[in-house]
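Only one structure is covered here, and it is reproduced in the block below.
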Amino acid sequence: MDWQGQKLAEQVMQIMLVIFAIGAFLTGYFMGSFQLMLFIYAGGVILTTLTIIPDWPFFNHQPLKWLEPIDAEKHPKPEVTGLISKKKTSKK
Amino acid sequence: MHSFGYRANALLTFSLTILALMCAIASLTDNFNSPSPTASVQILNVNRFQKKSTGDDEVAITLDISADLQSLFTWNTKQVFVFLAAEYSTPKNSLNQVSLWDGIIPEKEDAKFSIKTKNKYRFIDQGSNLRGRDFNLTLHWHVMPKTGKMFADKLVLPGFRLPESYR
């Protein structure tokens, strides 16, 4: 996924878990069932896992622009051969 | 959040932290419960009252215990541990507490009960001080939570007296 997708994934995870936690707590409290609270929350965790762990397409709406191979030839990698011998003589 | 492992780890730690917070708040809600338990105990019979060869008194009694502890239960209650103790003072000890019977109440429905039972644990004094002794029967309970703080309280039932002589 791309950078914006990562940010989206983190936000979605936080919001989904907090909402499921609040919903699970209130439901369990007013229904008088601790087990119900845990079940709803566990369901929420599973749903959140399915939403943000896989690399869904909607996380990649602003894909990274990798350079075309032909552009790479116009910008060659700089040479590193002369540097080590020059280290002792040049001081900047 | 770039790799599966990174996202999985973030989700695991965040969800567990939230779960811990939920459990803490659930325990806090127990403070809003104002219970109103009732209990009464009768001694049906003193079956045996002797001085043992060690010089200590021992009593065997049959009790009739009835109580309504349903108001102690909340959504966060796992079980209620209840025990009945005989409390009295002697010249040797200012307070003696001897547990005579206990039980575990797993569900709210079972918390309203009435039983006739012999004392589950032996009522033995440290010495020979029980003849004609006045004592209280105190019902103690521990409300054990599913998560969080345990609450303990008691109800004192005074006015019991052991026989003046051995039988």
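Letters A, B, ... mark the chains of the structure tokens in the order given; residue numbers begin at 1 per chain; ligand numbers begin at 1, in order shown.
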Worksheet item: Within 6 Å of range 155-161 of chain B, counting only C-alpha atoms, which residues qualify if same-chain residues fewer than 6 places away don't, as a PyMOL selection string?
Response: chain B and resi 133-139
Name the residues of chain A that come out as helix (DSSP H, G or I) in a backbone DSSP run; write them as a JSON list (two decimals) with C-alpha atoms, in the first residue's frame.
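So part.json came out as:
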```json
[["chain", "number", "residue", "atom", "x", "y", "z"],
["A", 3, "TRP", "CA", 1.88, 6.25, 2.20],
["A", 4, "GLN", "CA", -1.65, 7.64, 2.36],
["A", 5, "GLY", "CA", -2.95, 4.08, 2.59],
["A", 6, "GLN", "CA", -0.78, 3.41, 5.60],
["A", 7, "LYS", "CA", -2.14, 6.49, 7.34],
["A", 8, "LEU", "CA", -5.66, 5.44, 6.43],
["A", 9, "ALA", "CA", -5.06, 1.93, 7.74],
["A", 10, "GLU", "CA", -3.87, 3.22, 11.09],
["A", 11, "GLN", "CA", -6.78, 5.64, 11.46],
["A", 12, "VAL", "CA", -9.33, 3.01, 10.45],
["A", 13, "MET", "CA", -7.86, 0.57, 12.95],
["A", 14, "GLN", "CA", -8.00, 3.05, 15.84],
["A", 15, "ILE", "CA", -11.50, 4.29, 15.07],
["A", 16, "MET", "CA", -12.96, 0.82, 14.51],
["A", 17, "LEU", "CA", -11.49, -0.63, 17.69],
["A", 18, "VAL", "CA", -12.60, 2.28, 19.87],
["A", 19, "ILE", "CA", -16.12, 2.27, 18.46],
["A", 20, "PHE", "CA", -16.44, -1.50, 18.89],
["A", 21, "ALA", "CA", -15.09, -1.22, 22.43],
["A", 22, "ILE", "CA", -17.59, 1.47, 23.42],
["A", 23, "GLY", "CA", -20.43, -0.36, 21.72],
["A", 24, "ALA", "CA", -19.46, -3.68, 23.29],
["A", 25, "PHE", "CA", -19.18, -2.16, 26.76],
["A", 26, "LEU", "CA", -22.51, -0.35, 26.63],
["A", 27, "THR", "CA", -24.31, -3.36, 25.19],
["A", 28, "GLY", "CA", -22.81, -5.73, 27.75],
["A", 29, "TYR", "CA", -23.51, -3.37, 30.62],
["A", 30, "PHE", "CA", -27.15, -2.72, 29.81],
["A", 31, "MET", "CA", -27.81, -6.36, 28.91],
["A", 34, "PHE", "CA", -19.98, -9.65, 30.56],
["A", 35, "GLN", "CA", -19.71, -12.45, 28.04],
["A", 36, "LEU", "CA", -21.75, -10.51, 25.51],
["A", 37, "MET", "CA", -19.37, -7.58, 25.81],
["A", 38, "LEU", "CA", -16.40, -9.85, 25.10],
["A", 39, "PHE", "CA", -18.10, -11.48, 22.12],
["A", 40, "ILE", "CA", -19.00, -8.16, 20.49],
["A", 41, "TYR", "CA", -15.49, -6.84, 21.05],
["A", 42, "ALA", "CA", -13.90, -10.02, 19.68],
["A", 43, "GLY", "CA", -16.09, -9.72, 16.60],
["A", 44, "GLY", "CA", -14.95, -6.14, 16.23],
["A", 45, "VAL", "CA", -11.29, -7.14, 16.46],
["A", 46, "ILE", "CA", -11.78, -9.79, 13.76],
["A", 47, "LEU", "CA", -13.61, -7.30, 11.52],
["A", 48, "THR", "CA", -10.82, -4.76, 12.01],
["A", 49, "THR", "CA", -8.23, -7.41, 11.19],
["A", 50, "LEU", "CA", -9.97, -8.24, 7.93],
["A", 51, "THR", "CA", -10.22, -4.53, 7.07],
["A", 52, "ILE", "CA", -6.66, -3.36, 7.62],
["A", 57, "PRO", "CA", -6.92, -1.77, -3.39],
["A", 58, "PHE", "CA", -8.47, 1.22, -1.61],
["A", 59, "PHE", "CA", -5.25, 1.59, 0.34],
["A", 60, "ASN", "CA", -3.43, 2.27, -2.90],
["A", 69, "PRO", "CA", 13.54, 2.46, -16.52],
["A", 70, "ILE", "CA", 14.40, 4.82, -19.43],
["A", 71, "ASP", "CA", 14.62, 7.82, -16.99],
["A", 72, "ALA", "CA", 17.15, 5.96, -14.90],
["A", 73, "GLU", "CA", 19.65, 6.15, -17.71],
["A", 74, "LYS", "CA", 19.41, 9.95, -17.76],
["A", 83, "LEU", "CA", 36.81, 9.39, -2.82],
["A", 84, "ILE", "CA", 38.85, 7.11, -0.56],
["A", 85, "SER", "CA", 42.26, 8.28, -1.79],
["A", 86, "LYS", "CA", 41.26, 11.95, -1.61]]
```
Discussion item. As an MDAnalysis selection string, could you give me every residue of chain B near chain A (at most 7 Å apart, counting only C-alpha atoms)?
Written reply: chainID B and resid 1:2 4 7:8 11 15 22 75:76
Practice prompt. Extract, using only C-alpha atoms, all DNA, RNA and protein residues at most 12 Å from Asp64 in chain B, discarding same-chain residues fewer than 6 positions from it, and format them as JSON, numbers by chain.
Written response: {"B": [39, 40, 41, 42, 43, 44, 45, 84, 101, 113, 114, 115, 116, 117, 118, 119, 137]}
For the residues selected in the previous step, produce a file with C-alpha atoms as an mmCIF file, in the first residue's frame.
```
data_model
loop_
_atom_site.group_PDB
_atom_site.id
_atom_site.type_symbol
_atom_site.label_atom_id
_atom_site.label_comp_id
_atom_site.auth_asym_id
_atom_site.auth_seq_id
_atom_site.Cartn_x
_atom_site.Cartn_y
_atom_site.Cartn_z
ATOM 1 C CA ALA B 39 -29.714 -13.509 56.455
ATOM 2 C CA SER B 40 -30.882 -15.390 59.501
ATOM 3 C CA VAL B 41 -29.401 -18.365 61.326
ATOM 4 C CA GLN B 42 -30.895 -20.680 63.906
ATOM 5 C CA ILE B 43 -29.186 -23.329 65.954
ATOM 6 C CA LEU B 44 -31.471 -26.331 65.636
ATOM 7 C CA ASN B 45 -29.573 -28.586 68.010
ATOM 8 C CA LEU B 84 -20.411 -18.454 58.670
ATOM 9 C CA TRP B 101 -19.556 -23.510 57.292
ATOM 10 C CA PHE B 113 -31.144 -20.247 49.866
ATOM 11 C CA SER B 114 -32.173 -21.963 53.063
ATOM 12 C CA ILE B 115 -30.253 -24.990 54.271
ATOM 13 C CA LYS B 116 -30.090 -27.194 57.314
ATOM 14 C CA THR B 117 -26.588 -28.504 57.927
ATOM 15 C CA LYS B 118 -24.217 -29.719 60.580
ATOM 16 C CA ASN B 119 -21.175 -27.509 61.027
ATOM 17 C CA LEU B 137 -22.732 -15.945 64.255
#
```
Response to the item:
As a check of understanding: the span from CA of Ala111 in chain B to CA of Lys146 in chain B is 17.0 Å
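The two atoms in question, CA of Leu72 in chain B and CA of Thr17 in chain B, are spaced 29.0 Å apart.
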Could you list, as a PDB file with C-alpha atoms, in the first residue's frame, every residue within 9 Å of Met144 in chain B, counting only C-alpha atoms and ignoring same-chain residues fewer than 6 positions away?
```pdb
ATOM      1  CA  ASN B  76     -19.160  -8.503  36.657  1.00  0.00           C
ATOM      2  CA  THR B  77     -19.631 -11.152  39.359  1.00  0.00           C
ATOM      3  CA  LYS B  78     -18.095 -14.568  38.894  1.00  0.00           C
ATOM      4  CA  GLN B  79     -19.183 -16.104  42.196  1.00  0.00           C
ATOM      5  CA  VAL B  80     -19.859 -15.229  45.817  1.00  0.00           C
ATOM      6  CA  PHE B  81     -17.947 -17.033  48.536  1.00  0.00           C
ATOM      7  CA  MET B 150     -13.204  -8.021  45.099  1.00  0.00           C
ATOM      8  CA  PHE B 151     -15.660  -6.704  47.666  1.00  0.00           C
ATOM      9  CA  ALA B 152     -16.034  -8.308  51.084  1.00  0.00           C
TER      10      ALA B 152
END
```
Worksheet entry | Atom pair CA of Lys149 in chain B / CA of Pro35 in chain B: separation (Å) | 15.7 Å
Discussion item. According to DSSP computed on the backbone, where in range 20-161 of chain B is there strand (DSSP E)? Give the residues as a PyMOL selection string.
Written reply: chain B and resi 38-51+57-68+77-88+96-105+112-118+123-124+134-145+151-161
